[in-house]
$ cat entry17.cif   # mmCIF, C-alpha atoms and all ligand atoms
data_structure
loop_
_atom_site.label_atom_id
_atom_site.label_comp_id
_atom_site.auth_asym_id
_atom_site.auth_seq_id
_atom_site.Cartn_x
_atom_site.Cartn_y
_atom_site.Cartn_z
CA MET A 1 0.00 0.00 0.00
CA VAL A 2 1.33 3.46 -0.83
CA LYS A 3 1.76 5.90 2.00
CA LEU A 4 0.85 9.57 1.69
CA SER A 5 2.25 12.39 3.82
CA ILE A 6 0.63 15.76 4.27
CA LEU A 7 3.20 18.43 4.98
CA TYR A 8 1.82 21.52 6.71
CA ASP A 9 2.86 24.44 8.87
CA HIS A 10 -0.56 25.69 10.02
CA MET A 11 -3.47 23.35 10.67
CA ARG A 12 -6.13 25.26 8.75
CA TRP A 13 -9.63 24.14 7.77
CA GLU A 14 -8.06 22.74 4.60
CA GLU A 15 -5.50 20.52 6.33
CA LYS A 16 -8.13 19.19 8.73
CA ALA A 17 -10.36 18.37 5.74
CA LEU A 18 -7.47 16.60 3.97
CA TYR A 19 -6.77 14.64 7.16
CA GLU A 20 -10.44 13.60 7.35
CA ALA A 21 -10.42 12.59 3.67
CA CYS A 22 -7.42 10.31 4.33
CA ARG A 23 -9.08 8.79 7.38
CA LYS A 24 -12.28 8.07 5.47
CA ARG A 25 -10.35 6.34 2.72
CA ASN A 26 -8.60 3.98 5.07
CA ILE A 27 -5.20 4.67 3.54
CA GLU A 28 -1.81 4.76 5.14
CA PHE A 29 -0.84 8.38 5.78
CA SER A 30 1.07 10.71 8.06
CA MET A 31 0.79 14.36 8.98
CA ILE A 32 4.16 16.14 9.09
CA ASN A 33 4.39 19.50 10.82
CA ALA A 34 7.07 21.51 9.04
CA LYS A 35 7.63 23.53 12.20
CA ASN A 36 8.96 20.44 13.99
CA LEU A 37 11.59 19.63 11.39
CA SER A 38 15.30 20.30 11.57
CA LEU A 39 16.86 18.58 8.61
CA GLU A 40 20.49 17.81 7.93
CA LEU A 41 20.97 18.62 4.26
CA THR A 42 24.26 16.77 4.16
CA SER A 43 22.82 13.45 5.29
CA ASP A 44 20.40 10.89 3.84
CA ASP A 45 18.24 10.88 6.95
CA LYS A 46 14.66 11.55 6.04
CA PRO A 47 12.02 12.94 8.36
CA GLU A 48 10.45 10.19 10.40
CA ASN A 49 7.22 8.85 9.02
CA ILE A 50 7.58 10.29 5.54
CA GLY A 51 5.54 8.51 2.88
CA ASP A 52 6.01 7.59 -0.78
CA ILE A 53 4.36 10.80 -1.89
CA VAL A 54 4.01 14.15 -0.14
CA LEU A 55 1.20 16.66 -0.43
CA GLN A 56 2.79 20.01 0.37
CA ARG A 57 0.37 22.43 2.11
CA CYS A 58 2.55 25.01 3.87
CA VAL A 59 1.21 28.55 4.24
CA GLU A 60 4.71 30.01 4.43
CA TYR A 61 5.87 30.08 0.82
CA PHE A 62 9.60 29.64 1.41
CA CYS A 63 9.04 26.91 3.98
CA GLY A 64 6.95 24.93 1.47
CA LEU A 65 9.26 25.66 -1.44
CA TYR A 66 12.53 24.66 0.22
CA LEU A 67 11.06 21.62 1.96
CA THR A 68 9.84 20.53 -1.47
CA ALA A 69 13.38 20.82 -2.83
CA ILE A 70 14.74 18.79 0.08
CA ILE A 71 12.08 16.06 -0.15
CA GLU A 72 12.48 15.75 -3.93
CA ASN A 73 16.17 15.27 -3.26
CA TYR A 74 15.34 12.10 -1.28
CA GLY A 75 13.71 10.85 -4.48
CA ILE A 76 10.20 11.34 -3.11
CA ARG A 77 7.52 12.91 -5.29
CA VAL A 78 5.91 16.11 -4.00
CA ILE A 79 2.61 17.63 -5.13
CA ASN A 80 3.20 20.25 -6.40
CA SER A 81 6.78 19.89 -7.60
CA PHE A 82 9.54 22.38 -6.75
CA LYS A 83 9.67 23.66 -10.32
CA THR A 84 5.94 24.18 -10.41
CA LEU A 85 5.73 25.83 -7.01
CA GLU A 86 8.58 28.16 -7.78
CA ILE A 87 6.72 29.50 -10.81
CA CYS A 88 3.33 29.64 -9.10
CA GLY A 89 4.70 31.45 -6.07
CA ASN A 90 6.24 34.20 -8.14
CA LYS A 91 4.08 36.57 -10.19
CA LEU A 92 6.97 37.60 -12.41
CA LEU A 93 7.66 33.97 -13.37
CA ASN A 94 3.89 33.37 -13.70
CA THR A 95 3.64 36.13 -16.26
CA LEU A 96 6.65 34.90 -18.24
CA ILE A 97 5.18 31.39 -18.44
CA PHE A 98 1.76 32.68 -19.48
CA LYS A 99 3.35 34.75 -22.22
CA LYS A 100 5.42 31.80 -23.42
CA HIS A 101 2.32 29.59 -23.65
CA ASN A 102 0.06 32.23 -25.22
CA ILE A 103 -2.23 32.31 -22.21
CA PRO A 104 -4.04 35.67 -22.14
CA THR A 105 -2.73 37.66 -19.18
CA PRO A 106 -2.74 41.36 -18.19
CA ARG A 107 -0.13 43.59 -19.78
CA THR A 108 2.72 43.76 -17.26
CA PHE A 109 6.02 45.61 -16.82
CA VAL A 110 8.87 45.04 -14.40
CA ALA A 111 11.31 47.70 -13.22
CA PHE A 112 14.03 47.74 -10.57
CA ASP A 113 14.34 51.47 -10.01
CA ILE A 114 11.82 54.14 -9.06
CA ASP A 115 12.27 56.32 -12.16
CA SER A 116 12.02 53.30 -14.46
CA ALA A 117 8.96 52.15 -12.55
CA LEU A 118 7.35 55.57 -13.07
CA GLU A 119 8.09 55.24 -16.77
CA ALA A 120 6.34 51.86 -16.77
CA PHE A 121 3.30 53.44 -15.08
CA GLU A 122 3.23 56.13 -17.82
CA LYS A 123 3.36 53.46 -20.53
CA ILE A 124 0.50 51.46 -19.01
CA GLY A 125 -1.51 54.53 -18.02
CA TYR A 126 -3.33 55.14 -14.74
CA PRO A 127 -5.00 53.47 -12.97
CA ALA A 128 -2.48 50.64 -12.84
CA ILE A 129 -1.56 48.05 -10.26
CA LEU A 130 1.65 47.55 -8.32
CA LYS A 131 2.13 44.08 -6.85
CA PRO A 132 4.80 42.31 -4.82
CA ILE A 133 6.07 39.40 -6.93
CA ILE A 134 5.74 37.02 -3.95
CA GLY A 135 2.71 37.24 -1.69
CA SER A 136 -0.95 36.29 -1.36
CA TRP A 137 -4.35 37.29 0.04
CA GLY A 138 -4.07 40.58 -1.86
CA ARG A 139 -1.43 41.92 0.52
CA LEU A 140 0.34 45.03 -0.83
CA VAL A 141 -1.49 44.63 -4.14
CA SER A 142 -1.99 48.36 -4.74
CA LEU A 143 -4.24 50.28 -7.08
CA ILE A 144 -2.32 53.35 -8.24
CA ASN A 145 -4.47 56.17 -9.63
CA ASP A 146 -1.87 58.78 -10.53
CA ARG A 147 1.80 59.68 -10.50
CA THR A 148 1.65 61.10 -6.96
CA SER A 149 0.34 57.85 -5.49
CA ALA A 150 2.82 55.87 -7.58
CA ILE A 151 5.68 57.83 -6.01
CA VAL A 152 4.29 57.27 -2.50
CA ALA A 153 3.94 53.52 -3.04
CA LEU A 154 7.38 53.18 -4.64
CA GLU A 155 9.04 55.21 -1.88
CA HIS A 156 7.47 52.96 0.75
CA ARG A 157 8.66 49.92 -1.18
CA GLU A 158 12.18 51.33 -1.20
CA MET A 159 12.29 51.08 2.59
CA MET A 160 11.36 47.39 2.52
CA PHE A 161 13.28 44.17 2.00
CA PRO A 162 14.99 43.96 -1.47
CA LEU A 163 12.34 41.56 -2.78
CA TYR A 164 9.98 44.57 -2.77
CA HIS A 165 12.33 46.56 -5.00
CA VAL A 166 11.18 44.40 -7.89
CA TYR A 167 8.39 46.64 -9.19
CA TYR A 168 5.78 44.53 -10.95
CA ILE A 169 3.35 46.89 -12.64
CA GLN A 170 0.19 45.74 -14.35
CA GLU A 171 -2.68 47.17 -16.33
CA MET A 172 -5.98 47.34 -14.45
CA ILE A 173 -8.43 45.02 -16.19
CA LYS A 174 -11.86 46.63 -16.59
CA ARG A 175 -13.94 43.77 -15.27
CA PRO A 176 -17.09 43.27 -13.19
CA PRO A 177 -16.52 43.42 -9.37
CA ARG A 178 -15.55 39.77 -9.37
CA ASP A 179 -12.99 37.31 -10.63
CA ILE A 180 -13.05 33.56 -11.18
CA ARG A 181 -11.12 30.94 -9.24
CA VAL A 182 -10.93 27.66 -11.14
CA PHE A 183 -9.83 24.48 -9.37
CA VAL A 184 -7.60 22.10 -11.25
CA ILE A 185 -6.76 18.65 -9.85
CA GLY A 186 -4.63 16.72 -12.34
CA ASP A 187 -6.61 16.79 -15.58
CA ASN A 188 -9.87 17.38 -13.78
CA VAL A 189 -11.60 20.77 -13.36
CA PRO A 190 -14.16 19.92 -10.69
CA VAL A 191 -15.46 23.38 -9.83
CA ALA A 192 -15.07 27.14 -10.22
CA ILE A 193 -16.27 30.04 -8.12
CA TYR A 194 -16.85 33.74 -8.59
CA ARG A 195 -15.21 35.85 -5.94
CA ILE A 196 -17.35 38.94 -5.62
CA ASN A 197 -16.36 42.00 -3.61
CA GLU A 198 -18.27 45.26 -3.55
CA ASN A 199 -16.17 46.76 -0.73
CA ASP A 200 -12.59 46.25 -1.91
CA TRP A 201 -11.46 46.21 -5.54
CA ARG A 202 -9.45 43.10 -4.63
CA THR A 203 -11.77 40.10 -4.74
CA ASN A 204 -9.71 37.78 -2.48
CA THR A 205 -11.90 35.94 0.03
CA ALA A 206 -9.21 36.91 2.55
CA ARG A 207 -10.41 40.52 1.90
CA GLY A 208 -14.09 39.72 2.28
CA GLY A 209 -14.80 38.43 -1.23
CA ARG A 210 -18.07 36.49 -1.29
CA VAL A 211 -18.27 33.13 -3.07
CA GLU A 212 -20.77 31.99 -5.69
CA ARG A 213 -20.52 28.97 -7.92
CA CYS A 214 -19.40 29.68 -11.47
CA PRO A 215 -20.30 27.20 -14.21
CA VAL A 216 -17.22 25.53 -15.67
CA THR A 217 -17.72 26.21 -19.37
CA SER A 218 -15.54 24.43 -21.89
CA GLU A 219 -13.66 27.70 -22.42
CA ILE A 220 -12.89 28.08 -18.71
CA ARG A 221 -11.93 24.43 -18.41
CA GLU A 222 -9.59 24.54 -21.37
CA LEU A 223 -7.88 27.74 -20.29
CA ALA A 224 -7.42 26.51 -16.71
CA LEU A 225 -5.95 23.21 -17.93
CA ARG A 226 -3.62 25.04 -20.29
CA ALA A 227 -2.39 27.24 -17.43
CA ALA A 228 -1.90 24.19 -15.20
CA GLU A 229 -0.03 22.34 -17.91
CA ALA A 230 2.18 25.37 -18.57
CA VAL A 231 3.51 25.16 -15.00
CA GLY A 232 3.96 21.39 -15.02
CA GLY A 233 0.59 20.10 -13.77
CA GLY A 234 -0.71 19.24 -10.29
CA VAL A 235 -3.25 20.86 -7.96
CA PHE A 236 -4.07 24.52 -8.57
CA GLY A 237 -6.33 27.49 -8.22
CA VAL A 238 -6.26 29.29 -11.54
CA ASP A 239 -7.44 32.91 -11.23
CA MET A 240 -9.01 34.68 -14.17
CA MET A 241 -10.92 37.87 -14.90
CA GLU A 242 -13.57 38.63 -17.48
CA ARG A 243 -13.13 41.45 -19.99
CA ASP A 244 -15.58 41.88 -22.86
CA GLY A 245 -16.46 38.21 -22.88
CA GLU A 246 -12.82 37.15 -22.80
CA TYR A 247 -10.95 35.44 -19.97
CA ILE A 248 -7.64 36.78 -18.76
CA VAL A 249 -5.51 34.73 -16.36
CA HIS A 250 -3.74 36.83 -13.74
CA GLU A 251 -2.23 34.09 -11.61
CA ILE A 252 -2.02 30.41 -10.82
CA ASN A 253 -1.84 29.38 -7.17
CA GLY A 254 0.17 26.29 -6.28
CA THR A 255 -1.10 25.70 -2.71
CA VAL A 256 -4.76 26.41 -3.11
CA GLU A 257 -7.22 27.14 -0.29
CA PHE A 258 -10.77 25.79 -0.46
CA LYS A 259 -12.45 26.44 2.89
CA ASN A 260 -14.95 28.85 1.27
CA THR A 261 -15.49 26.87 -1.92
CA VAL A 262 -16.43 23.54 -0.33
CA PRO A 263 -19.40 24.86 1.72
CA ALA A 264 -20.55 27.14 -1.13
CA THR A 265 -20.54 24.41 -3.78
CA GLY A 266 -20.68 21.09 -1.94
CA VAL A 267 -17.82 19.80 -4.10
CA ASP A 268 -15.49 17.49 -2.19
CA ILE A 269 -12.20 19.17 -3.16
CA PRO A 270 -10.15 17.64 -0.31
CA GLY A 271 -11.36 14.13 -1.21
CA MET A 272 -10.48 14.69 -4.86
CA ILE A 273 -7.02 15.96 -3.98
CA ILE A 274 -6.32 12.88 -1.85
CA ASP A 275 -7.60 10.52 -4.57
CA TYR A 276 -5.38 12.31 -7.10
CA ALA A 277 -2.31 12.06 -4.83
CA ILE A 278 -2.86 8.33 -4.27
CA LYS A 279 -3.32 7.75 -7.99
CA GLU A 280 -0.11 9.65 -8.73
CA ALA A 281 1.79 7.70 -6.08
CA LYS A 282 0.81 4.43 -7.78
CA LYS A 283 2.05 5.58 -11.19
N1 LIG A 301 -4.74 43.41 -13.38
C1 LIG A 301 -5.78 43.43 -12.56
N2 LIG A 301 -6.93 44.10 -12.90
C2 LIG A 301 -7.99 44.12 -12.05
N3 LIG A 301 -8.00 43.53 -10.84
C3 LIG A 301 -6.90 42.86 -10.45
C4 LIG A 301 -5.74 42.77 -11.28
N4 LIG A 301 -4.80 42.05 -10.66
C5 LIG A 301 -5.34 41.70 -9.47
N5 LIG A 301 -6.60 42.18 -9.34
C6 LIG A 301 -7.48 41.98 -8.17
O1 LIG A 301 -6.67 41.91 -7.01
C7 LIG A 301 -6.76 40.61 -6.40
C8 LIG A 301 -5.39 40.20 -5.85
O2 LIG A 301 -4.43 40.15 -6.90
P1 LIG A 301 -3.51 38.89 -7.15
O3 LIG A 301 -2.61 39.23 -8.27
O4 LIG A 301 -4.36 37.69 -7.29
O5 LIG A 301 -2.64 38.83 -5.81
P2 LIG A 301 -2.65 37.78 -4.57
O6 LIG A 301 -1.63 36.76 -4.95
O7 LIG A 301 -2.26 38.56 -3.38
O8 LIG A 301 -4.03 37.16 -4.51
C9 LIG A 301 -7.28 39.72 -7.51
O9 LIG A 301 -7.96 38.62 -6.99
C10 LIG A 301 -8.18 40.65 -8.28
O10 LIG A 301 -9.44 40.78 -7.64
MG MG A 302 -4.73 35.95 -6.12
#
$ encode --input "entry17.cif" --output "structure tokens"
Amino acid sequence: MVKLSILYDHMRWEEKALYEACRKRNIEFSMINAKNLSLELTSDDKPENIGDIVLQRCVEYFCGLYLTAIIENYGIRVINSFKTLEICGNKLLNTLIFKKHNIPTPRTFVAFDIDSALEAFEKIGYPAILKPIIGSWGRLVSLINDRTSAIVALEHREMMFPLYHVYYIQEMIKRPPRDIRVFVIGDNVPVAIYRINENDWRTNTARGGRVERCPVTSEIRELALRAAEAVGGGVFGVDMMERDGEYIVHEINGTVEFKNTVPATGVDIPGMIIDYAIKEAKK
């Protein structure tokens, strides 16, 4: 029998649901708390209890990313892979991959200096959006209405950690007050939701976005699968926006949350993720 490990750093609703899904399936599995690990990189000793396949669910991006690298080095498969997670966790790399695979995505500039960033804002035109290249839940994703606010935001960024000196500047898509989160599990697209927010222009559920089921049309399915394939395949939340009847993908999330989607849609996402992981382990 294959053994599955769930690697986590915070026991959220999601990880509890994944645990329950494992229990219900009567499979061999272990829960590994990343916070308890101290790993010797120069030895072959693996963490106790590690299975044949690992489902990586860390909230802390770098914790999840580097543990994935270490576990893959033991020869153990991780969902999602290091290569995939590295692209998904980084908006700059996301955009490059989308461009390479002809996936419609917002027009985006990158600059590494305030004056060059201001030039990028002029080229895109206001309003435009400044985003950190690594981050989630809409944090520091800033709507910039004019040159004055651009300077304020860039000056604040200058006082932060060097990662924030990578100025990722994007056109504002004129869309309804919602976006679409599409779940991809392997080659399956089980469900999609609208995230609707009338109080914040950012639709993240972490910012109060409300959830409604969105029908998975063949167009949405195909685009989501293309985005997933472009980053190497696995388990994802593909985020898209609607503009004039077209879909534009702004990011692909590699450790997707589903605590709002499951109650709103009744779709058993945790169960499907576990079934997918077991199937992959047997391959
Ligand atoms: N180019 C854009 N045009 C319009 N709205 C956007 C754009 N980019 C992001 N948003 C809004 O901001 C939210 C957060 O942006 P996102 O790039 O997904 O960052 P995060 O990784 O923090 O979720 C999105 O869910 C969407 O509602
Ligand atoms: Mg997002």
$ residues_near_point --input "entry17.cif" --point "(-0.5, 36.2, -21.5)" --cutoff "12 Å" --atoms "all atoms listed in the file" --output "number ranges by chain"
A: 92-108, 170, 223, 226-227, 230, 240, 247-251
$ residues_near_ligand --input "entry17.cif" --ligand "ligand LIG 301 (chain A)" --cutoff "7 Å" --atoms "all atoms listed in the file" --output "count of residues only"
24
$ closest_residue --input "entry17.cif" --among "A:Pro263, A:Phe236, A:Ile278, A:Ile6" --to "ligand MG 302 (chain A)" --atoms "all atoms listed in the file"
A:Phe236
$ atom_distance --input "entry17.cif" --atom1 "CA of Glu155 (chain A)" --atom2 "CA of Lys91 (chain A)"
21.0 Å
$ residues_around --input "entry17.cif" --residues "Ser38 (chain A)" --least-positions-apart "6" --cutoff "12 Å" --atoms "all atoms listed in the file" --output "CSV table (one decimal) with C-alpha atoms, in the coordinates of the input"
chain,number,residue,atom,x,y,z
A,45,ASP,CA,18.2,10.9,7.0
A,46,LYS,CA,14.7,11.6,6.0
A,47,PRO,CA,12.0,12.9,8.4
A,48,GLU,CA,10.4,10.2,10.4
A,63,CYS,CA,9.0,26.9,4.0
A,67,LEU,CA,11.1,21.6,2.0
A,70,ILE,CA,14.7,18.8,0.1
$ closest_residue --input "entry17.cif" --among "A:Val256, A:Ser5, A:Trp13, A:Asn80" --to "Ile50 (chain A)" --atoms "all atoms listed in the file"
A:Ser5
$ atom_distance --input "entry17.cif" --atom1 "CA of Val191 (chain A)" --atom2 "CA of Ile32 (chain A)"
28.2 Å
$ decode --input "entry17.cif" --residues "region 16-48 of chain A" --atoms "N, CA and C atoms" --output "short mmCIF file (atom, residue, chain, number, x, y, z; two decimals), in the first residue's frame"
data_model
loop_
_atom_site.label_atom_id
_atom_site.label_comp_id
_atom_site.auth_asym_id
_atom_site.auth_seq_id
_atom_site.Cartn_x
_atom_site.Cartn_y
_atom_site.Cartn_z
N LYS A 16 -7.24 20.09 7.97
CA LYS A 16 -8.13 19.19 8.73
C LYS A 16 -9.00 18.39 7.76
N ALA A 17 -9.50 19.06 6.72
CA ALA A 17 -10.36 18.37 5.74
C ALA A 17 -9.56 17.31 4.98
N LEU A 18 -8.30 17.59 4.67
CA LEU A 18 -7.47 16.60 3.97
C LEU A 18 -7.20 15.40 4.88
N TYR A 19 -6.98 15.70 6.17
CA TYR A 19 -6.77 14.64 7.16
C TYR A 19 -8.01 13.73 7.21
N GLU A 20 -9.18 14.37 7.29
CA GLU A 20 -10.44 13.60 7.35
C GLU A 20 -10.63 12.75 6.09
N ALA A 21 -10.28 13.32 4.94
CA ALA A 21 -10.42 12.59 3.67
C ALA A 21 -9.53 11.35 3.67
N CYS A 22 -8.33 11.47 4.23
CA CYS A 22 -7.42 10.31 4.33
C CYS A 22 -8.02 9.26 5.25
N ARG A 23 -8.53 9.73 6.39
CA ARG A 23 -9.08 8.79 7.38
C ARG A 23 -10.24 7.99 6.78
N LYS A 24 -11.11 8.71 6.08
CA LYS A 24 -12.28 8.07 5.47
C LYS A 24 -11.88 7.02 4.44
N ARG A 25 -10.76 7.25 3.79
CA ARG A 25 -10.35 6.34 2.72
C ARG A 25 -9.58 5.13 3.21
N ASN A 26 -9.30 5.13 4.54
CA ASN A 26 -8.60 3.98 5.07
C ASN A 26 -7.25 3.75 4.40
N ILE A 27 -6.51 4.81 4.17
CA ILE A 27 -5.20 4.67 3.54
C ILE A 27 -4.12 4.89 4.60
N GLU A 28 -2.92 4.51 4.22
CA GLU A 28 -1.81 4.76 5.14
C GLU A 28 -1.33 6.19 4.90
N PHE A 29 -1.27 7.00 5.96
CA PHE A 29 -0.84 8.38 5.78
C PHE A 29 -0.22 8.94 7.05
N SER A 30 0.51 10.03 6.90
CA SER A 30 1.07 10.71 8.06
C SER A 30 0.93 12.21 7.88
N MET A 31 0.81 12.91 9.00
CA MET A 31 0.79 14.36 8.98
C MET A 31 2.17 14.83 9.46
N ILE A 32 2.83 15.67 8.68
CA ILE A 32 4.16 16.14 9.09
C ILE A 32 4.11 17.65 9.28
N ASN A 33 4.38 18.07 10.51
CA ASN A 33 4.39 19.50 10.82
C ASN A 33 5.77 20.07 10.49
N ALA A 34 5.80 20.94 9.50
CA ALA A 34 7.07 21.51 9.04
C ALA A 34 7.79 22.24 10.17
N LYS A 35 7.03 22.75 11.11
CA LYS A 35 7.63 23.53 12.20
C LYS A 35 8.47 22.65 13.13
N ASN A 36 8.21 21.34 13.10
CA ASN A 36 8.96 20.44 13.99
C ASN A 36 10.22 19.89 13.35
N LEU A 37 10.48 20.26 12.11
CA LEU A 37 11.59 19.63 11.39
C LEU A 37 12.88 20.42 11.57
N SER A 38 13.98 19.70 11.78
CA SER A 38 15.30 20.30 11.57
C SER A 38 16.07 19.26 10.77
N LEU A 39 16.37 19.59 9.55
CA LEU A 39 16.86 18.58 8.61
C LEU A 39 18.33 18.80 8.28
N GLU A 40 19.08 17.71 8.31
CA GLU A 40 20.49 17.81 7.93
C GLU A 40 20.59 17.61 6.41
N LEU A 41 20.93 18.67 5.73
CA LEU A 41 20.97 18.62 4.26
C LEU A 41 22.07 17.69 3.77
N THR A 42 23.11 17.55 4.58
CA THR A 42 24.26 16.77 4.16
C THR A 42 24.17 15.30 4.59
N SER A 43 22.97 14.87 4.96
CA SER A 43 22.82 13.45 5.29
C SER A 43 21.64 12.87 4.51
N ASP A 44 21.51 11.54 4.54
CA ASP A 44 20.40 10.89 3.84
C ASP A 44 19.20 10.67 4.75
N ASP A 45 19.33 11.13 6.00
CA ASP A 45 18.24 10.88 6.95
C ASP A 45 17.00 11.65 6.56
N LYS A 46 15.92 10.90 6.40
CA LYS A 46 14.66 11.55 6.04
C LYS A 46 13.86 11.83 7.30
N PRO A 47 12.91 12.74 7.21
CA PRO A 47 12.02 12.94 8.36
C PRO A 47 11.31 11.63 8.67
N GLU A 48 11.13 11.39 9.94
CA GLU A 48 10.45 10.19 10.40
C GLU A 48 9.07 10.14 9.75
#
